[in-house]
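Peer 1: Below is a structure I'd like to ask you about.
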Amino acid sequence: MKSQYRVVVIGGGVVGASVLYHLARYGWTDVCLIERDVLTAGSSWHAAGGFHALNADPNIAALQGYTIDLLSEVEAESGQSIGMHMTGGMHLAGTPDRWEWLQANYRTFQSIGIDDVHLITPDEAAQLSPVLNTEGILGGMWADREGYVDTTGTVHAYAIAAKKRGAEVIEKNRVLELHQVPGGWQVVTEQGTVSCEHVVNAGGLWAKQVGRMAGVELPVSPLAHHYLITDTIPQLQGLERELPMCVDLEGFTYSRQDQQGMLVGIYELTPKHWMMDGAPWNYGIELLQEEPDRIESELCHVFKRFPVLESVGVKTWVHGAFTFSPDGNPLVGPVRGKPGYWCACAVMAGFLQGGGVGKSLAEWMIHGETEADVFGMDVARYGDYAANKTYIRETTGQFYSRRFVMTYPNEQLPAGRPLKMAPAHDAMRAAGARWGESWGLEVPLYFAPEGFEEHPSLRRSNAFDLVAQEVRATREAVGLLDISGFSRFEVTGPEAAAWLDHLLAGRLPGPGRTRLAPMLSPSGRLKGDLTVFNWGDGIWWIMGSYYLREWHMRWFADHARPGVALRDISDAVVGFSLSGPNSRRVLEQLTEGPISELPFMGCGRFDIGLIRAHVGRLSVSGALGYEINCTAAEHVALRRMLLAAGADLGIREIGYEALGSLRLEKSFGIWSREFTQIYTPAQTGMDRWIDWSKEFFGSDAARAERDGNGPARVIATLAIDAEDADASGYEPVWQGDRLAGYVTSGGYGHSVGRSLAMAMLDREAANVGTDLTVHVVGKARAARVIAPSPYDPQGKAMRA
Ligand SMILES: Cc1cc2nc3c(=O)[nH]c(=O)nc-3n(C[C@H](O)[C@H](O)[C@H](O)COP(=O)(O)OP(=O)(O)OC[C@H]3O[C@@H](n4cnc5c(N)ncnc54)[C@H](O)[C@@H]3O)c2cc1C
């Protein structure tokens, strides 16, 4: 072991080994991996080694695809066998809903270019797996690239391939302490102290403690998990080909052949956490005592699905532990305030996801950003609230027990809720608010009469008419929306304007004005779709998406400069928006200030009733609109006053479902849909807001894009001939038989009376009038490109 490396990776499981390999592969060879015991000594040695295609986040599904392709490459490069069995695999559906869900998912795979997947009939499933009882099965989804590997061989293959490229692996050496020092980290180990620029927490079952060594509380916990391997099954002996991987979506089990027996793994409904503060340091290569009683009902189900299991004994029980984050996806990337400290943990399926995690982390460290959109596994998608132990217990338990359960787009899950509530929450609840959740905050989705219950559905739900009424009220009178679920950052100091001018690609607003402000990365890709306010008194606000608070704070912190103070004031400042033709008249009743003179995109301080409010005239709905910001202590009073003043003007409380429809009718994009960290300004129309006369972060790349041949794909608006379901995101869009792109968001435009979508399309398919086809809930629907903003294309309403 040397005394200095560029990077020290802590942990020799499949994830640490993959990170090491990718760093070396991309040219950083002054790197070492330090392992407490021997390689694989955490979760990795006793994993079932399975890999399969499905993931609820298509970006992560794509990275899983990368891992699967990589495995054989690493085997060849290392010369170490990984025991690859590419058996293919299937997911089976036994209810009409789930069958429909699989058909919709199949189309999502097509959207993201995974083309080795197809739907199968129950008979085809039986032919592929002759010991399968297909009673009750309605259909399945088959993927060629599913199978399993030898877990120990795979970890060693990554490590050997990394070593061949110059990396070092040091075993039997526990990392004891981490110290942040100028330019990097000091890593105190049993064998001495090492200095490095970057340290990676790939601690697996010990990730919690390796986080705490650096003062980082990670939202991660191990959970216990069973699989069993049976004795020899005579019926398997004469088979021509190995049984495929099989996930029974109703049965909470996965299975495959293991030599002449079968391996069956269970995601039981009664999950069990294990060592929530991390495994003991002396935890060896050992197993937990099996608990068959806890998984009895799931086992009964799998016995029915594979009757051959009923008459065969269990050869091996494996009851081990591995780690989960609240949404089950990994925690990867740098941590705010800890330069050079990187996470590569909470990887729940290391053999499936480890390659994608290693690739992304190495790209991020070396190039400053990843090739793919990895927000779904970015450690900064959570804030400090998520490190609460009860929150972790509830959310990780929920994820585990729903591992194979379909989640509907309109379904609200209960774990970790309610946590954060705007002050007017109870009053809104009394008025019928039904809630969604954003970064721990309860946000109103729509308002419903007492006793109303929304049914989870891939189709239009029974809340459709309620949302339609809220949209109508907004277009015809005035809608009142709680906007506590926006993020707000206050920027002050002598250098504030200069800093903002460089950070944001748009022209800064003058005093008393606000502007849309794209923020770019050095490579010219989007980093934010923000709104900047110049209050005229030296105070600036940046507003964005609430769930990106930590993500944006990390970016701001990385680019901090002296003379600028930045505060996240999102919990201190809340508010309501008014949208609709009557919104000005509501405010006029509450203020003597010159509210009617406030221009579109103007902002200023107004006395609104009793409240000294910050008011901006802007509109996500495309209607005449105002955002009224107040302190948290004034939220209840503000709502009460606005409702009273609007009583005779048709005011109606609305939720974010209505806003979704309203903004779609205006072709206004939102983050994570039309705007993501892998799209560029020209692709998304954000270039409209760029100030080309100045130098800003990412300006060289943005100019190169502007002066080039134009992006291959752009955002367009579609009208879809839908019946009882609308697009929701990632549906494939076809021009004839050719895949021309995918839907970024979709829904019903209640005031224009048609099903709408926004889509990322090949440029030649994005011309207005182009006829296309979109698969909505698995069914082909005619669609055509329409001009942006089907409602009020000239924007007269919001400028009125
Ligand atoms: C029963 C079971 C079945 C599974 N089946 C599958 C499957 O079919 N497919 C799949 O993809 N995944 C499966 N998994 C999950 C898989 O095992 C994990 O996702 C994977 O092993 C995580 O790898 P890791 O490198 O993050 O963590 P680990 O394997 O836990 O590795 C972490 C390493 O860090 C070391 N370490 C920690 N702290 C320190 C320190 N301070 N100093 C030095 N070293 C340290 C540890 O000793 C350990 O070796 C299964 C897991 C279990 C338990």
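Each chain in the structure tokens gets a letter, A, B and so on, in the order shown; residues start at 1 in every chain, and ligands are counted from 1 in the order they appear.
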Enumerate as number ranges by chain all residues of stretch 266-413 of chain A assigned to alpha helix (DSSP H) by DSSP on the backbone, naming them with the chain letters and numbers the document uses.
Peer 2: A: 296-305, 350-367, 389-401
Peer 1: If the limit is 6 Å from any atom of ligand 1, counting only C-alpha atoms and all ligand atoms, which residues qualify? Return them as JSON, numbers by chain.
Peer 2: {"A": [10, 11, 12, 13, 14, 15, 16, 34, 35, 36, 37, 39, 40, 41, 42, 43, 44, 46, 47, 48, 49, 50, 51, 174, 175, 176, 202, 203, 204, 205, 206, 210, 225, 226, 227, 318, 319, 320, 321, 322, 345, 347, 348, 349, 350, 351, 352]}
Peer 1: Which polymer residues have any atom within 12 Å of an atom of A:Thr395, counting only C-alpha atoms, with same-chain residues fewer than 2 positions away left out, as a VMD selection string?
Peer 2: chain A and resid 219 to 221 223 271 273 324 to 329 386 to 393 397 to 403 413 to 417 440
Peer 1: Find the residues around A:Gly383 up to 10 Å (only C-alpha atoms counted), leave out those fewer than 6 positions away in its own chain, and share them as a PyMOL selection string.
Peer 2: chain A and resi 217-219+439-440+547-551
Peer 1: Within 6 Å of stretch 609-621 of chain A, counting only C-alpha atoms, which residues qualify if same-chain residues fewer than 4 places away don't, as number ranges by chain?
Peer 2: A: 590, 600-605, 625-630, 662-663
Peer 1: For A:Glu476, which residue among A:Leu649, A:Met641, A:Leu119, A:Leu659 is the nearest when counting only C-alpha atoms?
Peer 2: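 Selected residue with least distance to A:Glu476: A:Leu649.
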Peer 1: Just list the residues in stretch 62-219 of chain A DSSP gives strand (DSSP E or B) on the backbone, as a ChimeraX atom specification.
Peer 2: /A:85,89-93,117-120,139-143,147-148,168-170,175-181,184-189,192-201
Peer 1: Grab the atom CA of A:Gly669 to atom CA of A:Leu516 distance for me, in Å with one decimal place.
Peer 2: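 Computed distance, atom CA of A:Gly669 to atom CA of A:Leu516, equals 12.1 Å.
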